[in-house]
file data-v2.pdb (PDB, C-alpha atoms, pLDDT in the B column)
ATOM      1  CA  MET A 179     -41.323-210.509 -64.850  1.00 62.00           C
ATOM      2  CA  ARG A 180     -38.833-207.970 -63.537  1.00 67.00           C
ATOM      3  CA  LEU A 181     -39.343-205.782 -66.589  1.00 72.00           C
ATOM      4  CA  ALA A 182     -43.114-205.803 -66.056  1.00 76.00           C
ATOM      5  CA  GLY A 183     -42.625-204.854 -62.413  1.00 71.00           C
ATOM      6  CA  LEU A 184     -40.331-201.982 -63.371  1.00 72.00           C
ATOM      7  CA  LEU A 185     -42.866-200.805 -65.939  1.00 78.00           C
ATOM      8  CA  VAL A 186     -45.668-200.797 -63.364  1.00 76.00           C
ATOM      9  CA  LEU A 187     -43.471-198.985 -60.860  1.00 72.00           C
ATOM     10  CA  ALA A 188     -42.480-196.408 -63.486  1.00 78.00           C
ATOM     11  CA  LEU A 189     -46.129-195.827 -64.403  1.00 80.00           C
ATOM     12  CA  HIS A 190     -47.057-195.330 -60.748  1.00 77.00           C
ATOM     13  CA  GLY A 191     -44.177-192.899 -60.375  1.00 77.00           C
ATOM     14  CA  LEU A 192     -45.267-190.996 -63.470  1.00 79.00           C
ATOM     15  CA  ARG A 193     -48.832-190.791 -62.155  1.00 82.00           C
ATOM     16  CA  TYR A 194     -47.556-189.545 -58.794  1.00 80.00           C
ATOM     17  CA  VAL A 195     -45.451-186.872 -60.472  1.00 79.00           C
ATOM     18  CA  ARG A 196     -48.412-185.777 -62.612  1.00 81.00           C
ATOM     19  CA  GLU A 197     -50.570-185.434 -59.492  1.00 84.00           C
ATOM     20  CA  THR A 198     -47.854-183.573 -57.558  1.00 84.00           C
ATOM     21  CA  PRO A 199     -46.867-180.450 -59.521  1.00 82.00           C
ATOM     22  CA  ALA A 200     -43.964-179.666 -57.166  1.00 84.00           C
ATOM     23  CA  LEU A 201     -42.135-182.793 -58.402  1.00 79.00           C
ATOM     24  CA  ARG A 202     -42.413-182.028 -62.128  1.00 80.00           C
ATOM     25  CA  PRO A 203     -39.120-180.092 -62.402  1.00 82.00           C
ATOM     26  CA  TYR A 204     -37.258-183.086 -60.949  1.00 83.00           C
ATOM     27  CA  LEU A 205     -38.684-185.711 -63.317  1.00 80.00           C
ATOM     28  CA  LEU A 206     -36.030-185.190 -65.986  1.00 77.00           C
ATOM     29  CA  LEU A 207     -33.270-185.194 -63.372  1.00 85.00           C
ATOM     30  CA  LEU A 208     -34.575-188.428 -61.835  1.00 81.00           C
ATOM     31  CA  CYS A 209     -34.858-190.170 -65.208  1.00 79.00           C
ATOM     32  CA  GLY A 210     -31.365-189.028 -66.170  1.00 83.00           C
ATOM     33  CA  ALA A 211     -29.901-190.290 -62.900  1.00 87.00           C
ATOM     34  CA  ALA A 212     -31.627-193.665 -63.311  1.00 80.00           C
ATOM     35  CA  ALA A 213     -30.380-193.990 -66.900  1.00 80.00           C
ATOM     36  CA  ALA A 214     -26.837-193.053 -65.865  1.00 86.00           C
ATOM     37  CA  LEU A 215     -26.900-195.634 -63.078  1.00 82.00           C
ATOM     38  CA  VAL A 216     -28.085-198.390 -65.407  1.00 78.00           C
ATOM     39  CA  LEU A 217     -25.465-197.419 -67.987  1.00 81.00           C
ATOM     40  CA  ALA A 218     -22.693-197.356 -65.379  1.00 82.00           C
ATOM     41  CA  VAL A 219     -23.654-200.752 -63.967  1.00 77.00           C
ATOM     42  CA  SER A 220     -23.818-202.391 -67.375  1.00 80.00           C
ATOM     43  CA  ALA A 221     -20.788-200.742 -69.047  1.00 82.00           C
ATOM     44  CA  VAL A 222     -18.092-201.050 -66.383  1.00 82.00           C
ATOM     45  CA  PRO A 223     -16.175-204.348 -66.276  1.00 87.00           C
ATOM     46  CA  LEU A 224     -16.445-205.729 -62.757  1.00 85.00           C
ATOM     47  CA  SER A 225     -14.472-208.306 -60.821  1.00 91.00           C
ATOM     48  CA  GLU A 226     -16.262-211.391 -59.539  1.00 93.00           C
ATOM     49  CA  VAL A 227     -16.419-210.048 -55.979  1.00 95.00           C
ATOM     50  CA  THR A 228     -17.785-206.681 -57.088  1.00 90.00           C
ATOM     51  CA  ARG A 229     -20.289-208.369 -59.393  1.00 88.00           C
ATOM     52  CA  ALA A 230     -21.502-210.571 -56.518  1.00 93.00           C
ATOM     53  CA  ARG A 231     -21.843-207.582 -54.191  1.00 94.00           C
ATOM     54  CA  LEU A 232     -23.707-205.601 -56.829  1.00 86.00           C
ATOM     55  CA  LYS A 233     -26.013-208.544 -57.486  1.00 88.00           C
ATOM     56  CA  GLU A 234     -26.732-208.822 -53.758  1.00 94.00           C
ATOM     57  CA  ALA A 235     -27.475-205.093 -53.509  1.00 91.00           C
ATOM     58  CA  LEU A 236     -29.785-205.246 -56.534  1.00 84.00           C
ATOM     59  CA  ASN A 237     -31.585-208.257 -55.053  1.00 90.00           C
ATOM     60  CA  ARG A 238     -32.176-206.304 -51.838  1.00 93.00           C
ATOM     61  CA  LEU A 239     -33.451-203.353 -53.837  1.00 86.00           C
ATOM     62  CA  GLU A 240     -35.748-205.679 -55.750  1.00 85.00           C
ATOM     63  CA  ARG A 241     -37.228-206.966 -52.476  1.00 91.00           C
ATOM     64  CA  LEU A 242     -37.951-203.387 -51.391  1.00 90.00           C
ATOM     65  CA  VAL A 243     -39.603-202.656 -54.735  1.00 82.00           C
ATOM     66  CA  VAL A 244     -41.774-205.769 -54.444  1.00 85.00           C
ATOM     67  CA  VAL A 245     -42.890-204.728 -50.947  1.00 89.00           C
ATOM     68  CA  ALA A 246     -43.683-201.228 -52.222  1.00 86.00           C
ATOM     69  CA  MET A 247     -45.690-202.670 -55.102  1.00 82.00           C
ATOM     70  CA  VAL A 248     -47.702-204.878 -52.735  1.00 88.00           C
ATOM     71  CA  VAL A 249     -48.524-201.789 -50.666  1.00 89.00           C
ATOM     72  CA  LEU A 250     -49.536-199.893 -53.826  1.00 83.00           C
ATOM     73  CA  MET A 251     -51.685-202.799 -54.974  1.00 85.00           C
ATOM     74  CA  ALA A 252     -53.411-203.039 -51.618  1.00 89.00           C
ATOM     75  CA  GLY A 253     -54.188-199.337 -51.743  1.00 87.00           C
ATOM     76  CA  SER A 254     -55.454-199.515 -55.310  1.00 83.00           C
ATOM     77  CA  ILE A 255     -57.954-202.285 -54.598  1.00 88.00           C
ATOM     78  CA  GLY A 256     -59.278-200.569 -51.482  1.00 89.00           C
ATOM     79  CA  VAL A 257     -57.847-202.729 -48.710  1.00 90.00           C
ATOM     80  CA  TYR A 258     -57.042-199.729 -46.513  1.00 90.00           C
ATOM     81  CA  GLN A 259     -60.542-198.262 -46.837  1.00 91.00           C
ATOM     82  CA  TRP A 260     -62.025-201.668 -46.036  1.00 92.00           C
ATOM     83  CA  VAL A 261     -59.872-202.009 -42.896  1.00 91.00           C
ATOM     84  CA  ASP A 262     -60.794-198.454 -41.884  1.00 91.00           C
ATOM     85  CA  ARG A 263     -64.514-199.274 -42.184  1.00 92.00           C
ATOM     86  CA  ILE A 264     -64.135-202.458 -40.161  1.00 92.00           C
ATOM     87  CA  ALA A 265     -61.910-200.884 -37.486  1.00 91.00           C
ATOM     88  CA  GLY A 266     -64.323-198.202 -36.871  1.00 78.00           C
TER      89      GLY A 266
END

call {"tool": "encode", "arguments": {"input": "data-v2.pdb", "output": "structure tokens"}}
result
Amino acid sequence: MRLAGLLVLALHGLRYVRETPALRPYLLLLCGAAAALVLAVSAVPLSEVTRARLKEALNRLERLVVVAMVVLMAGSIGVYQWVDRIAG
């Protein structure tokens, strides 16, 4: 489930970068930074306290990503246009 969510988020990010030419030079840098972060988190041996803190931070980040995906989904199905029509 988390992998599917990350895939959807990555595809939305790729679409956003394709629609915004000013961000194209930074795409490689962003992907490299994300890969380095994942590699660093998975390769470094961590103590139990550090592992628990990292898990808590990743859980918070996951909540933010879920909220962002709900907002994206609402925009993609036209909720905001519908509310705009109703509100006036």

call {"tool": "resolve_selection", "arguments": {"input": "data-v2.pdb", "expression": "the PyMOL selection byres ((chain A and resi 203-218) around 12)", "output": "PDB file with C-alpha atoms, in the frame of the given file"}}
result
ATOM      1  CA  ALA A 188     -42.480-196.408 -63.486  1.00 78.00           C
ATOM      2  CA  GLY A 191     -44.177-192.899 -60.375  1.00 77.00           C
ATOM      3  CA  LEU A 192     -45.267-190.996 -63.470  1.00 79.00           C
ATOM      4  CA  ARG A 193     -48.832-190.791 -62.155  1.00 82.00           C
ATOM      5  CA  TYR A 194     -47.556-189.545 -58.794  1.00 80.00           C
ATOM      6  CA  VAL A 195     -45.451-186.872 -60.472  1.00 79.00           C
ATOM      7  CA  ARG A 196     -48.412-185.777 -62.612  1.00 81.00           C
ATOM      8  CA  THR A 198     -47.854-183.573 -57.558  1.00 84.00           C
ATOM      9  CA  PRO A 199     -46.867-180.450 -59.521  1.00 82.00           C
ATOM     10  CA  ALA A 200     -43.964-179.666 -57.166  1.00 84.00           C
ATOM     11  CA  LEU A 201     -42.135-182.793 -58.402  1.00 79.00           C
ATOM     12  CA  ARG A 202     -42.413-182.028 -62.128  1.00 80.00           C
ATOM     13  CA  VAL A 219     -23.654-200.752 -63.967  1.00 77.00           C
ATOM     14  CA  SER A 220     -23.818-202.391 -67.375  1.00 80.00           C
ATOM     15  CA  ALA A 221     -20.788-200.742 -69.047  1.00 82.00           C
ATOM     16  CA  VAL A 222     -18.092-201.050 -66.383  1.00 82.00           C
ATOM     17  CA  PRO A 223     -16.175-204.348 -66.276  1.00 87.00           C
ATOM     18  CA  LEU A 224     -16.445-205.729 -62.757  1.00 85.00           C
ATOM     19  CA  LEU A 232     -23.707-205.601 -56.829  1.00 86.00           C
ATOM     20  CA  LEU A 236     -29.785-205.246 -56.534  1.00 84.00           C
TER      21      LEU A 236
END

call {"tool": "resolve_selection", "arguments": {"input": "data-v2.pdb", "expression": "the PyMOL selection byres ((chain A and resi 239-243) around 12)", "output": "list of chain:residue names"}}
result
A:Met179, A:Arg180, A:Leu181, A:Gly183, A:Leu184, A:Leu185, A:Val186, A:Leu187, A:Ala188, A:Leu232, A:Lys233, A:Glu234, A:Ala235, A:Leu236, A:Asn237, A:Arg238, A:Val244, A:Val245, A:Ala246, A:Met247, A:Val248, A:Val249, A:Leu250

call {"tool": "write_last_selection", "arguments": {"input": "data-v2.pdb", "atoms": "C-alpha atoms", "output": "JSON list (two decimals), keeping the file's coordinate frame"}}
result
[["chain", "number", "residue", "atom", "x", "y", "z"],
["A", 179, "MET", "CA", -41.32, -210.51, -64.85],
["A", 180, "ARG", "CA", -38.83, -207.97, -63.54],
["A", 181, "LEU", "CA", -39.34, -205.78, -66.59],
["A", 183, "GLY", "CA", -42.62, -204.85, -62.41],
["A", 184, "LEU", "CA", -40.33, -201.98, -63.37],
["A", 185, "LEU", "CA", -42.87, -200.80, -65.94],
["A", 186, "VAL", "CA", -45.67, -200.80, -63.36],
["A", 187, "LEU", "CA", -43.47, -198.98, -60.86],
["A", 188, "ALA", "CA", -42.48, -196.41, -63.49],
["A", 232, "LEU", "CA", -23.71, -205.60, -56.83],
["A", 233, "LYS", "CA", -26.01, -208.54, -57.49],
["A", 234, "GLU", "CA", -26.73, -208.82, -53.76],
["A", 235, "ALA", "CA", -27.48, -205.09, -53.51],
["A", 236, "LEU", "CA", -29.78, -205.25, -56.53],
["A", 237, "ASN", "CA", -31.58, -208.26, -55.05],
["A", 238, "ARG", "CA", -32.18, -206.30, -51.84],
["A", 244, "VAL", "CA", -41.77, -205.77, -54.44],
["A", 245, "VAL", "CA", -42.89, -204.73, -50.95],
["A", 246, "ALA", "CA", -43.68, -201.23, -52.22],
["A", 247, "MET", "CA", -45.69, -202.67, -55.10],
["A", 248, "VAL", "CA", -47.70, -204.88, -52.74],
["A", 249, "VAL", "CA", -48.52, -201.79, -50.67],
["A", 250, "LEU", "CA", -49.54, -199.89, -53.83]]

call {"tool": "atom_distance", "arguments": {"input": "data-v2.pdb", "atom1": "atom CA of A:Glu197", "atom2": "atom CA of A:Ser254"}}
result
15.5 Å
